[in-house]
Amino acid sequence: MTEAKSQIEYTKALEDFRQARAKARLQHLWAYITGESKELLQYDEITRKMHASGGSSKGLKEIPVESIVGSVNRYQDFNKDFLPMRDNDIQRWANVKSIMTTPGSTGLPPIRVYKIGETYFVLDGNHRVSIARQMGLEFIEGYVTEIPTRVPLTPEDSPEDIILKSEYIDFLEETQFDKIVPGVSLELTFPGQYDTLREHIRVHRHFMGLEQYREIPPEEAVQHWYTHVYKPVVDIIREQNILQEFPNLTETDLYLWVLDHQTIMEEEFGWSIRPEKAAIDLVKQ
């Protein structure tokens with residue numbers, strides 16, 4: 001690598017940075033107009049919301065660049081597309097790119113990332129990721145530490161999706177549903193509805209205790225609620241193919257819809273209605 005080639009690449013990198021900053025400014029303006037967030041995800045905030053902790057080393061991997069969605073400590077320096085957000089970052093950004101692109105260069109070491117679900121958060125190497133994104137690279141080498149979480153995170157998740165997954169994890173932490181009934185998902189598409197599910201289980205546990213004249217353990221109430229309340233309703237939803245009429249909803253969304261209809265029927269007729277009956281009536285309507 002000659003000094004002249006290095007200087008040429010550095011000069012090109014300076015111009016590339018200016019173009020990237022101009023694009024970042026346009027995206028910032030568009031985000032302001034539309035209300036769509038272009039912020040890079042914060043690792044600490046996501047691990048708190050997702051109740052993610054611990055971690056195990058997975059060694060050196062080829063990381064999909066598009067799956068890198070956040071940063072540990074440089075989330076204010078880049079936007080969601082890893083475009084630079086600070087004008088005074090120009091020399092460092094250009095220097096890193098010139099090293100990456102100059103023929104014969106010794107190159108740079110692999111980045112370091114945390115993996116949560118299908119997403120990655122940069123611990124070291126934010127500039128390398130930014131440049132890789134702008135160059136259109138599909139993969140970048142990095143040392144991966146995987147952080148386990150009960151609900152997987154994906155690169156396509158919006159801020160609203162993350163809120164919902166955070167609420168779902170809170171629900172699972174409290175009820176232990178995923179451990180009591182493994183392999184069954186209770187995903188919802190509207191925020192705030194996991195409180196309703198908790199209330200259903202709480203009420204079911206209360207009436208179980210009254211019927212059986214004993215204190216019902218929480219895990220027993222969860223299993224009994226799933227077997228005798230939730231699953232019969234979902235079975236009807238499946239039998240009647242209701243979900244195909246609402247492709248953007250989930251079975252748990254429709255379960256809550258059926259239970260709302262049950263309440264309306266009970267108020268109208270003045271007596272108790274089984275959830276299964278409410279589901280059948282809703283299908284007829």
# chains A, B, ... in the order shown; residues from 1 in each chain; ligands from 1

$ select_by_dssp --residues "range 100-264 of chain A" --states "alpha helix (DSSP H)" --output "ChimeraX atom specification"
/A:100-101,126-135,159-175,177-180,194-212,218-225,231-239,251-264

$ residues_around --residues "range 72-81 of chain A" --least-positions-apart "5" --cutoff "9 Å" --atoms "only C-alpha atoms" --output "number ranges by chain"
A: 24, 27-28, 37-44, 66, 86, 89, 113-114, 121-124, 126-127, 130, 133-134

$ select_by_dssp --residues "range 16-206 of chain A" --states "strand (DSSP E or B)" --output "PyMOL selection string"
chain A and resi 39+41-42+56-64+68-71+78-79+84+111-116+119-124+139-146

$ residues_around --residues "Phe17 in chain A" --least-positions-apart "5" --cutoff "8 Å" --atoms "only C-alpha atoms" --output "PyMOL selection string"
chain A and resi 84+90+93-94

$ atom_distance --atom1 "CA of Asp170 in chain A" --atom2 "CA of Ser185 in chain A"
14.1 Å

$ closest_residue --among "A:Thr102, A:Thr47, A:Ser53, A:Gln285" --to "Lys12 in chain A" --atoms "only C-alpha atoms"
A:Thr102

$ residues_around --residues "Thr101 in chain A" --least-positions-apart "6" --cutoff "9 Å" --atoms "only C-alpha atoms" --output "PyMOL selection string"
chain A and resi 6+9+107

$ closest_atom_pairs --of "range 153-181 of chain A" --to "range 200-208 of chain A" --cutoff "12 Å" --atoms "only C-alpha atoms" --output "JSON lines"
{"residue": "A:Phe171", "atom": "CA", "partner": "A:Ile201", "partner_atom": "CA", "distance": 11.2}
{"residue": "A:Glu174", "atom": "CA", "partner": "A:Ile201", "partner_atom": "CA", "distance": 11.4}
{"residue": "A:Thr175", "atom": "CA", "partner": "A:Ile201", "partner_atom": "CA", "distance": 8.9}
{"residue": "A:Phe177", "atom": "CA", "partner": "A:Ile201", "partner_atom": "CA", "distance": 10.7}

$ closest_atom_pairs --of "range 7-59 of chain A" --to "range 145-165 of chain A" --cutoff "8 Å" --atoms "only C-alpha atoms" --output "CSV"
residue,atom,partner,partner_atom,distance
A:Ser37,CA,A:Pro159,CA,7.9
A:Lys49,CA,A:Ile163,CA,7.9
A:Met50,CA,A:Thr149,CA,6.5
A:His51,CA,A:Thr149,CA,6.7
A:Ala52,CA,A:Thr149,CA,5.0
A:Ser53,CA,A:Ile147,CA,6.1
A:Gly54,CA,A:Ile147,CA,6.0
A:Gly55,CA,A:Ile147,CA,4.4
A:Ser56,CA,A:Glu146,CA,5.4
A:Ser57,CA,A:Thr145,CA,4.3
A:Lys58,CA,A:Thr145,CA,5.7
A:Gly59,CA,A:Thr145,CA,7.5

$ write_last_selection --atoms "N, CA, C and O atoms" --output "compact mmCIF listing (two decimals), in the first residue's frame"
# COMPACT_ATOMS: atom_id res chain seq x y z
N SER A 37 -39.79 6.68 13.71
CA SER A 37 -38.49 6.74 14.39
C SER A 37 -37.38 6.23 13.49
O SER A 37 -37.51 5.20 12.83
N LYS A 49 -35.99 -4.10 28.59
CA LYS A 49 -37.35 -4.40 28.15
C LYS A 49 -37.55 -5.89 27.90
O LYS A 49 -38.63 -6.43 28.17
N MET A 50 -36.52 -6.54 27.37
CA MET A 50 -36.64 -7.95 27.00
C MET A 50 -36.22 -8.89 28.13
O MET A 50 -36.21 -10.11 27.95
N HIS A 51 -35.87 -8.32 29.29
CA HIS A 51 -35.41 -9.12 30.43
C HIS A 51 -34.27 -10.05 30.01
O HIS A 51 -34.21 -11.22 30.42
N ALA A 52 -33.39 -9.53 29.16
CA ALA A 52 -32.27 -10.33 28.65
C ALA A 52 -31.06 -10.16 29.55
O ALA A 52 -30.71 -9.05 29.94
N SER A 53 -30.43 -11.26 29.90
CA SER A 53 -29.24 -11.21 30.75
C SER A 53 -28.37 -12.43 30.47
O SER A 53 -28.78 -13.36 29.79
N GLY A 54 -27.17 -12.41 31.05
CA GLY A 54 -26.26 -13.52 30.81
C GLY A 54 -25.65 -13.40 29.43
O GLY A 54 -25.58 -12.33 28.84
N GLY A 55 -25.21 -14.50 28.91
CA GLY A 55 -24.62 -14.49 27.57
C GLY A 55 -23.58 -15.58 27.42
O GLY A 55 -22.95 -16.00 28.38
N SER A 56 -23.43 -16.03 26.19
CA SER A 56 -22.44 -17.06 25.89
C SER A 56 -21.74 -16.72 24.58
O SER A 56 -22.37 -16.25 23.62
N SER A 57 -20.44 -16.92 24.54
CA SER A 57 -19.66 -16.60 23.36
C SER A 57 -19.93 -17.61 22.24
O SER A 57 -19.94 -18.82 22.47
N LYS A 58 -20.14 -17.10 21.04
CA LYS A 58 -20.35 -17.94 19.87
C LYS A 58 -19.18 -17.88 18.90
O LYS A 58 -19.23 -18.45 17.82
N GLY A 59 -18.12 -17.15 19.30
CA GLY A 59 -16.92 -17.08 18.47
C GLY A 59 -17.07 -16.15 17.30
O GLY A 59 -17.94 -15.28 17.25

$ residues_around --residues "His261 in chain A" --least-positions-apart "4" --cutoff "12 Å" --atoms "only C-alpha atoms" --output "compact mmCIF listing (two decimals) with all heavy atoms, in the first residue's frame"
# COMPACT_ATOMS: atom_id res chain seq x y z
N LEU A 254 -58.17 -12.89 18.92
CA LEU A 254 -59.55 -13.34 18.72
C LEU A 254 -60.14 -13.94 19.98
O LEU A 254 -61.34 -13.82 20.23
CB LEU A 254 -59.60 -14.35 17.57
CG LEU A 254 -59.26 -13.77 16.19
CD1 LEU A 254 -59.31 -14.87 15.13
CD2 LEU A 254 -60.21 -12.64 15.83
N TYR A 255 -59.29 -14.59 20.79
CA TYR A 255 -59.76 -15.09 22.09
C TYR A 255 -60.33 -13.95 22.92
O TYR A 255 -61.42 -14.06 23.50
CB TYR A 255 -58.62 -15.79 22.82
CG TYR A 255 -58.84 -15.93 24.31
CD1 TYR A 255 -59.64 -16.95 24.83
CD2 TYR A 255 -58.27 -15.02 25.21
CE1 TYR A 255 -59.87 -17.06 26.19
CE2 TYR A 255 -58.48 -15.13 26.57
CZ TYR A 255 -59.28 -16.14 27.06
OH TYR A 255 -59.51 -16.24 28.42
N LEU A 256 -59.60 -12.84 23.00
CA LEU A 256 -60.07 -11.69 23.78
C LEU A 256 -61.35 -11.11 23.17
O LEU A 256 -62.24 -10.66 23.90
CB LEU A 256 -58.99 -10.62 23.85
CG LEU A 256 -57.76 -10.97 24.70
CD1 LEU A 256 -56.74 -9.84 24.64
CD2 LEU A 256 -58.14 -11.25 26.15
N TRP A 257 -61.42 -11.13 21.85
CA TRP A 257 -62.62 -10.65 21.16
C TRP A 257 -63.83 -11.51 21.55
O TRP A 257 -64.91 -11.00 21.83
CB TRP A 257 -62.37 -10.69 19.66
CG TRP A 257 -63.41 -10.02 18.83
CD1 TRP A 257 -64.39 -9.17 19.26
CD2 TRP A 257 -63.57 -10.12 17.42
NE1 TRP A 257 -65.15 -8.75 18.21
CE2 TRP A 257 -64.67 -9.31 17.07
CE3 TRP A 257 -62.89 -10.81 16.44
CZ2 TRP A 257 -65.11 -9.19 15.75
CZ3 TRP A 257 -63.32 -10.68 15.12
CH2 TRP A 257 -64.41 -9.89 14.78
N MET A 265 -73.03 -10.67 25.75
CA MET A 265 -74.15 -11.61 25.77
C MET A 265 -74.70 -11.78 27.18
O MET A 265 -75.92 -11.84 27.40
CB MET A 265 -73.71 -12.96 25.21
CG MET A 265 -73.44 -12.97 23.71
SD MET A 265 -72.95 -14.62 23.12
CE MET A 265 -74.47 -15.54 23.39
N GLU A 266 -73.81 -11.88 28.17
CA GLU A 266 -74.26 -12.06 29.55
C GLU A 266 -75.03 -10.84 30.04
O GLU A 266 -76.02 -10.99 30.77
CB GLU A 266 -73.04 -12.32 30.45
CG GLU A 266 -72.43 -13.70 30.22
CD GLU A 266 -71.19 -13.94 31.09
OE1 GLU A 266 -70.61 -12.94 31.57
OE2 GLU A 266 -70.81 -15.12 31.25
N GLU A 267 -74.60 -9.65 29.64
CA GLU A 267 -75.33 -8.44 30.02
C GLU A 267 -76.69 -8.39 29.33
O GLU A 267 -77.68 -7.92 29.91
CB GLU A 267 -74.51 -7.21 29.66
CG GLU A 267 -73.25 -7.04 30.51
CD GLU A 267 -72.39 -5.87 30.07
OE1 GLU A 267 -72.72 -5.28 29.00
OE2 GLU A 267 -71.41 -5.56 30.76
N GLU A 268 -76.75 -8.90 28.10
CA GLU A 268 -78.00 -8.87 27.35
C GLU A 268 -79.01 -9.88 27.87
O GLU A 268 -80.21 -9.57 28.02
CB GLU A 268 -77.71 -9.13 25.87
CG GLU A 268 -78.95 -9.13 24.99
CD GLU A 268 -78.63 -9.40 23.53
OE1 GLU A 268 -77.43 -9.44 23.18
OE2 GLU A 268 -79.58 -9.58 22.74
N ILE A 273 -72.74 -17.19 30.38
CA ILE A 273 -72.53 -17.77 29.05
C ILE A 273 -71.13 -18.38 28.99
O ILE A 273 -70.16 -17.74 29.37
CB ILE A 273 -72.66 -16.72 27.94
CG1 ILE A 273 -74.03 -16.03 28.00
CG2 ILE A 273 -72.42 -17.34 26.56
CD1 ILE A 273 -75.20 -16.88 27.63
N ARG A 274 -71.05 -19.62 28.54
CA ARG A 274 -69.75 -20.24 28.40
C ARG A 274 -68.98 -19.59 27.25
O ARG A 274 -69.56 -19.19 26.24
CB ARG A 274 -69.89 -21.74 28.10
CG ARG A 274 -70.45 -22.55 29.25
CD ARG A 274 -69.45 -22.71 30.36
NE ARG A 274 -68.26 -23.43 29.91
CZ ARG A 274 -67.15 -23.53 30.63
NH1 ARG A 274 -67.05 -22.91 31.79
NH2 ARG A 274 -66.11 -24.21 30.16
N PRO A 275 -67.64 -19.46 27.37
CA PRO A 275 -66.86 -18.86 26.29
C PRO A 275 -67.05 -19.56 24.95
O PRO A 275 -67.09 -18.91 23.90
CB PRO A 275 -65.42 -19.00 26.78
CG PRO A 275 -65.53 -19.07 28.27
CD PRO A 275 -66.81 -19.79 28.54
N GLU A 276 -67.18 -20.88 24.97
CA GLU A 276 -67.37 -21.61 23.72
C GLU A 276 -68.66 -21.19 23.02
O GLU A 276 -68.71 -21.06 21.80
CB GLU A 276 -67.40 -23.12 23.97
CG GLU A 276 -66.14 -23.66 24.68
CD GLU A 276 -66.30 -23.71 26.20
OE1 GLU A 276 -66.49 -22.64 26.79
OE2 GLU A 276 -66.21 -24.80 26.75
N LYS A 277 -69.73 -20.97 23.80
CA LYS A 277 -71.00 -20.53 23.25
C LYS A 277 -70.88 -19.13 22.65
O LYS A 277 -71.44 -18.85 21.60
CB LYS A 277 -72.08 -20.54 24.33
CG LYS A 277 -72.35 -21.93 24.94
CD LYS A 277 -72.95 -22.87 23.90
CE LYS A 277 -73.30 -24.20 24.55
NZ LYS A 277 -73.84 -25.17 23.54
N ALA A 278 -70.12 -18.28 23.34
CA ALA A 278 -69.91 -16.93 22.83
C ALA A 278 -69.16 -16.96 21.51
O ALA A 278 -69.45 -16.18 20.59
CB ALA A 278 -69.16 -16.09 23.85
N ALA A 279 -68.18 -17.87 21.40
CA ALA A 279 -67.42 -17.98 20.16
C ALA A 279 -68.31 -18.42 19.00
O ALA A 279 -68.25 -17.86 17.90
CB ALA A 279 -66.27 -18.97 20.35
N ILE A 280 -69.17 -19.41 19.26
CA ILE A 280 -70.06 -19.91 18.23
C ILE A 280 -71.02 -18.81 17.80
O ILE A 280 -71.29 -18.61 16.59
CB ILE A 280 -70.81 -21.15 18.74
CG1 ILE A 280 -69.83 -22.31 18.93
CG2 ILE A 280 -71.91 -21.54 17.76
CD1 ILE A 280 -70.44 -23.52 19.61
N ASP A 281 -71.55 -18.05 18.77
CA ASP A 281 -72.48 -16.97 18.44
C ASP A 281 -71.79 -15.88 17.64
O ASP A 281 -72.37 -15.32 16.71
CB ASP A 281 -73.05 -16.38 19.74
CG ASP A 281 -74.10 -15.31 19.47
OD1 ASP A 281 -75.23 -15.68 19.09
OD2 ASP A 281 -73.79 -14.11 19.62
N LEU A 282 -70.54 -15.59 18.00
CA LEU A 282 -69.79 -14.56 17.26
C LEU A 282 -69.56 -14.99 15.83
O LEU A 282 -69.66 -14.18 14.90
CB LEU A 282 -68.46 -14.31 17.97
CG LEU A 282 -67.62 -13.16 17.43
CD1 LEU A 282 -68.34 -11.84 17.55
CD2 LEU A 282 -66.27 -13.08 18.15
N VAL A 283 -69.26 -16.29 15.64
CA VAL A 283 -69.07 -16.81 14.28
C VAL A 283 -70.34 -16.67 13.48
O VAL A 283 -70.34 -16.25 12.30
CB VAL A 283 -68.63 -18.29 14.33
CG1 VAL A 283 -68.65 -18.89 12.93
CG2 VAL A 283 -67.22 -18.40 14.92
N GLN A 285 -72.68 -14.48 13.83
CA GLN A 285 -72.95 -13.09 13.52
C GLN A 285 -72.01 -12.57 12.45
O GLN A 285 -72.36 -11.68 11.69
CB GLN A 285 -72.83 -12.23 14.78
CG GLN A 285 -73.90 -12.53 15.81
CD GLN A 285 -73.95 -11.47 16.90
OE1 GLN A 285 -73.68 -10.31 16.65
NE2 GLN A 285 -74.30 -11.87 18.09

$ atom_distance --atom1 "CA of Gly192 in chain A" --atom2 "CA of Glu45 in chain A"
19.3 Å

$ residues_around --residues "Val234 in chain A" --least-positions-apart "3" --cutoff "7 Å" --atoms "only C-alpha atoms" --output "ChimeraX atom specification"
/A:230-231,237-238,251,255
